[in-house]
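Source file: coords.pdb; contents: PDB, C-alpha atoms, pLDDT in the B column.
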```pdb
ATOM      1  CA  MET A   1     -13.806   0.031  -4.499  1.00 42.00           C
ATOM      2  CA  ASN A   2     -16.745   2.427  -4.199  1.00 44.00           C
ATOM      3  CA  THR A   3     -17.468   4.308  -1.008  1.00 48.00           C
ATOM      4  CA  VAL A   4     -20.797   6.074  -0.515  1.00 49.00           C
ATOM      5  CA  LEU A   5     -20.747   9.118   1.727  1.00 50.00           C
ATOM      6  CA  PRO A   6     -24.230   9.542   3.226  1.00 56.00           C
ATOM      7  CA  SER A   7     -25.668  13.038   3.574  1.00 52.00           C
ATOM      8  CA  ARG A   8     -26.773  13.998   7.084  1.00 58.00           C
ATOM      9  CA  SER A   9     -28.007  17.479   6.241  1.00 57.00           C
ATOM     10  CA  PRO A  10     -31.746  17.842   5.498  1.00 57.00           C
ATOM     11  CA  ALA A  11     -30.918  20.635   3.027  1.00 57.00           C
ATOM     12  CA  VAL A  12     -28.988  18.205   0.839  1.00 54.00           C
ATOM     13  CA  ARG A  13     -31.582  15.438   0.710  1.00 57.00           C
ATOM     14  CA  GLY A  14     -32.580  14.554  -2.796  1.00 58.00           C
ATOM     15  CA  ALA A  15     -29.218  15.726  -4.156  1.00 57.00           C
ATOM     16  CA  ALA A  16     -26.902  13.336  -5.949  1.00 61.00           C
ATOM     17  CA  THR A  17     -24.959  10.971  -3.726  1.00 62.00           C
ATOM     18  CA  LEU A  18     -21.221  11.577  -3.615  1.00 57.00           C
ATOM     19  CA  ARG A  19     -19.227   8.463  -4.513  1.00 63.00           C
ATOM     20  CA  LEU A  20     -15.480   7.973  -4.323  1.00 58.00           C
ATOM     21  CA  TYR A  21     -13.735   5.438  -6.521  1.00 55.00           C
ATOM     22  CA  ALA A  22     -10.264   4.177  -5.645  1.00 57.00           C
ATOM     23  CA  LEU A  23      -8.450   2.540  -8.552  1.00 51.00           C
ATOM     24  CA  PRO A  24      -6.849  -0.804  -7.707  1.00 55.00           C
ATOM     25  CA  ARG A  25      -3.065  -0.543  -7.667  1.00 55.00           C
ATOM     26  CA  HIS A  26      -0.764  -3.054  -9.291  1.00 57.00           C
ATOM     27  CA  ASP A  27       1.564  -2.754  -6.283  1.00 59.00           C
ATOM     28  CA  SER A  28      -1.061  -3.233  -3.594  1.00 59.00           C
ATOM     29  CA  GLY A  29       1.502  -4.772  -1.222  1.00 62.00           C
ATOM     30  CA  ALA A  30       3.277  -1.436  -0.867  1.00 67.00           C
ATOM     31  CA  VAL A  31       2.766   1.681   1.244  1.00 74.00           C
ATOM     32  CA  PHE A  32       3.744   5.083  -0.190  1.00 80.00           C
ATOM     33  CA  TRP A  33       4.801   8.355   1.435  1.00 85.00           C
ATOM     34  CA  ARG A  34       7.409  11.088   0.933  1.00 87.00           C
ATOM     35  CA  ILE A  35      10.834  11.413   2.530  1.00 89.00           C
ATOM     36  CA  ASN A  36      12.469  14.822   2.012  1.00 89.00           C
ATOM     37  CA  GLY A  37      10.096  15.400  -0.900  1.00 88.00           C
ATOM     38  CA  TYR A  38      10.983  12.157  -2.674  1.00 89.00           C
ATOM     39  CA  ARG A  39       8.417   9.430  -3.115  1.00 88.00           C
ATOM     40  CA  ALA A  40       9.194   6.385  -0.983  1.00 90.00           C
ATOM     41  CA  ARG A  41       7.681   2.929  -1.049  1.00 87.00           C
ATOM     42  CA  LEU A  42       7.762   0.306   1.679  1.00 87.00           C
ATOM     43  CA  ILE A  43       7.332  -3.183   0.247  1.00 88.00           C
ATOM     44  CA  VAL A  44       6.159  -5.910   2.623  1.00 89.00           C
ATOM     45  CA  TRP A  45       6.215  -9.683   2.046  1.00 91.00           C
ATOM     46  CA  THR A  46       4.736 -12.397   4.210  1.00 92.00           C
ATOM     47  CA  GLU A  47       6.971 -15.349   5.051  1.00 94.00           C
ATOM     48  CA  ASP A  48       5.237 -17.460   2.364  1.00 93.00           C
ATOM     49  CA  GLU A  49       5.649 -14.727  -0.279  1.00 92.00           C
ATOM     50  CA  TRP A  50       9.302 -14.316   0.692  1.00 94.00           C
ATOM     51  CA  GLN A  51       9.966 -18.041   0.262  1.00 94.00           C
ATOM     52  CA  ARG A  52       8.365 -18.006  -3.215  1.00 93.00           C
ATOM     53  CA  LEU A  53      10.460 -15.057  -4.487  1.00 91.00           C
ATOM     54  CA  GLU A  54      12.934 -16.060  -7.180  1.00 92.00           C
ATOM     55  CA  ALA A  55      15.207 -13.073  -6.538  1.00 92.00           C
ATOM     56  CA  ARG A  56      15.174 -11.796  -2.959  1.00 93.00           C
ATOM     57  CA  PRO A  57      16.338  -8.209  -2.345  1.00 92.00           C
ATOM     58  CA  SER A  58      19.630  -8.205  -0.443  1.00 93.00           C
ATOM     59  CA  ASP A  59      18.651  -5.076   1.513  1.00 94.00           C
ATOM     60  CA  ALA A  60      15.318  -6.468   2.829  1.00 94.00           C
ATOM     61  CA  GLN A  61      15.008  -6.860   6.576  1.00 95.00           C
ATOM     62  CA  ARG A  62      12.943  -9.321   8.569  1.00 95.00           C
ATOM     63  CA  HIS A  63      10.658  -7.683  11.113  1.00 93.00           C
ATOM     64  CA  PRO A  64      10.045  -9.495  14.450  1.00 92.00           C
ATOM     65  CA  SER A  65       6.369  -9.843  13.478  1.00 91.00           C
ATOM     66  CA  GLY A  66       7.453 -12.282  10.743  1.00 92.00           C
ATOM     67  CA  VAL A  67       7.260 -10.123   7.604  1.00 93.00           C
ATOM     68  CA  TRP A  68      10.065  -9.000   5.296  1.00 93.00           C
ATOM     69  CA  CYS A  69      10.342  -5.287   4.363  1.00 92.00           C
ATOM     70  CA  ALA A  70      12.332  -3.211   1.876  1.00 91.00           C
ATOM     71  CA  LEU A  71      12.372   0.569   1.395  1.00 90.00           C
ATOM     72  CA  ARG A  72      12.558   2.016  -2.120  1.00 88.00           C
ATOM     73  CA  MET A  73      13.057   5.653  -3.075  1.00 87.00           C
ATOM     74  CA  GLU A  74      11.471   6.629  -6.396  1.00 80.00           C
TER      75      GLU A  74
END
```

Show how you would write the structure in this file as structure tokens.
Amino acid sequence: MNTVLPSRSPAVRGAATLRLYALPRHDSGAVFWRINGYRARLIVWTEDEWQRLEARPSDAQRHPSGVWCALRME
């Protein structure tokens, strides 16, 4: 995914355009953050994805919105 950041300053016109590139992640269904300095990952499955799982995590919880979630510390 490329994102172009337009320049609004007249002094910068004609300069190279700044582009950001975000690499696609193999675990795109997860959200990452840190808990007490340790990397944590929240994995979310839709109801259809949950039904198709061969091995379902025993610690996953169903959210009232209809998705299944599991927290992993890395």

Identify, on the basis of all atoms listed in the file, every residue whose closest approach to Ile43 in chain A does not exceed 12 Å; exclude the query and any residue fewer than 4 positions from it along the same chain; express the result as a list of chain:residue names.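 With the cut-off at 12 Å, the set is A:Asp27, A:Ser28, A:Gly29, A:Ala30, A:Val31, A:Phe32, A:Trp33, A:Glu49, A:Trp50, A:Pro57, A:Asp59, A:Ala60, A:Gln61, A:Arg62, A:Val67, A:Trp68, A:Cys69, A:Ala70, A:Leu71, A:Arg72, A:Met73.
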
In Å, rounded to a single decimal, give me how far CA of Val44 in chain A is from CA of Pro64 in chain A.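 We find that CA of Pro64 in chain A and CA of Val44 in chain A lie 13.0 Å from each other.
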
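Coordinates place CA of Arg39 in chain A at a distance of 27.7 Å from CA of Gln51 in chain A.
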
Provide the CA of Glu74 in chain A to CA of Arg41 in chain A distance in Å, to one decimal place. 7.5 Å

Range 58-72 of chain A, all listed atoms, 3 Å padding on each side: what axis-aligned box centre and edge lengths in Å to one decimal come out, as JSON?
```
{"center_x": 13.0, "center_y": -5.1, "center_z": 6.2, "size_x": 19.3, "size_y": 20.3, "size_z": 22.6}
```
